[in-house]
Amino acid sequence: PYDAILVAAAARQIPPALIEQLKPGGILVIPVGEQNAAQNLTVIRKQENGRVEQTHVLPVAFVPLTGAADH
């Protein structure tokens with residue numbers, strides 16, 4: 001498991017595989033949204049008990065995430 005994951009391309013939704021790879025106390029930063037539409041820089045924090053908290057930080061524009069991670 002990773003302490004932190006930073007994704008530099010926008011996913012349509014947060015890939016569950018990335019959350020699974022976070023260790024408790026870990027953080028995931030990822031732009032979420034459709035290409036050419038509203039996207040939000042999103043911070044996911046995985047609590048020690050496994051609970052996940054999601055915070056939208058600000059609007060952004062990134063290229064799309066492609067491949068298996070975006071399904």
# chains A, B, ... in the order shown; residues from 1 in each chain; ligands from 1
>>> residues_around(residues="range 43-60 of chain A", least_positions_apart="5", cutoff="8 Å", atoms="only C-alpha atoms", output="list in words")
Ile19, Leu22, Lys23, Pro24, Gly25, Gly26, Ile27, Leu28, Val29, Ile30, Pro31 and Ala38 of chain A
>>> select_by_dssp(residues="chain A", states="strand (DSSP E or B)", output="PyMOL selection string")
chain A and resi 2-6+10-11+22-33+39-46+52-60+64
>>> write_last_selection(atoms="C-alpha atoms", output="mmCIF file, in the first residue's frame")
data_model
loop_
_atom_site.group_PDB
_atom_site.id
_atom_site.type_symbol
_atom_site.label_atom_id
_atom_site.label_comp_id
_atom_site.auth_asym_id
_atom_site.auth_seq_id
_atom_site.Cartn_x
_atom_site.Cartn_y
_atom_site.Cartn_z
ATOM 1 C CA TYR A 2 1.053 3.572 -0.751
ATOM 2 C CA ASP A 3 1.203 6.572 1.586
ATOM 3 C CA ALA A 4 0.216 8.886 -1.274
ATOM 4 C CA ILE A 5 -0.903 8.678 -4.897
ATOM 5 C CA LEU A 6 -0.935 11.673 -7.258
ATOM 6 C CA ALA A 10 -8.689 13.256 -15.168
ATOM 7 C CA ALA A 11 -10.752 10.158 -14.463
ATOM 8 C CA LEU A 22 -3.840 3.417 -0.314
ATOM 9 C CA LYS A 23 -2.723 2.377 3.131
ATOM 10 C CA PRO A 24 -4.679 3.619 6.156
ATOM 11 C CA GLY A 25 -3.724 7.254 6.678
ATOM 12 C CA GLY A 26 -2.935 7.599 2.954
ATOM 13 C CA ILE A 27 -3.977 10.345 0.566
ATOM 14 C CA LEU A 28 -4.980 10.277 -3.118
ATOM 15 C CA VAL A 29 -5.074 13.459 -5.224
ATOM 16 C CA ILE A 30 -6.866 13.104 -8.559
ATOM 17 C CA PRO A 31 -8.749 15.310 -11.022
ATOM 18 C CA VAL A 32 -12.258 13.908 -11.561
ATOM 19 C CA GLY A 33 -14.677 14.717 -14.394
ATOM 20 C CA GLN A 39 -13.553 18.657 -13.489
ATOM 21 C CA ASN A 40 -12.622 18.944 -9.818
ATOM 22 C CA LEU A 41 -9.298 18.355 -8.154
ATOM 23 C CA THR A 42 -10.303 15.832 -5.519
ATOM 24 C CA VAL A 43 -8.491 14.729 -2.378
ATOM 25 C CA ILE A 44 -9.270 11.296 -0.944
ATOM 26 C CA ARG A 45 -8.086 10.473 2.570
ATOM 27 C CA LYS A 46 -8.218 6.907 3.841
ATOM 28 C CA VAL A 52 -12.703 7.163 2.960
ATOM 29 C CA GLU A 53 -13.232 10.936 3.021
ATOM 30 C CA GLN A 54 -13.503 12.932 -0.198
ATOM 31 C CA THR A 55 -12.941 16.692 -0.598
ATOM 32 C CA HIS A 56 -13.307 18.750 -3.788
ATOM 33 C CA VAL A 57 -10.523 21.345 -3.762
ATOM 34 C CA LEU A 58 -10.964 23.433 -6.914
ATOM 35 C CA PRO A 59 -12.064 23.311 -10.557
ATOM 36 C CA VAL A 60 -9.368 22.130 -12.985
ATOM 37 C CA PRO A 64 -8.319 12.285 -19.728
#
>>> closest_residue(among="A:Gly67, A:Ala37, A:Ala61, A:Pro1", to="Glu20 in chain A", atoms="only C-alpha atoms")
A:Pro1
>>> select_by_dssp(residues="chain A", states="helix (DSSP H, G or I)", output="ChimeraX atom specification")
/A:16-20,68-70
>>> residues_around(residues="Ala9 in chain A", least_positions_apart="5", cutoff="6 Å", atoms="only C-alpha atoms", output="PyMOL selection string")
chain A and resi 62-65
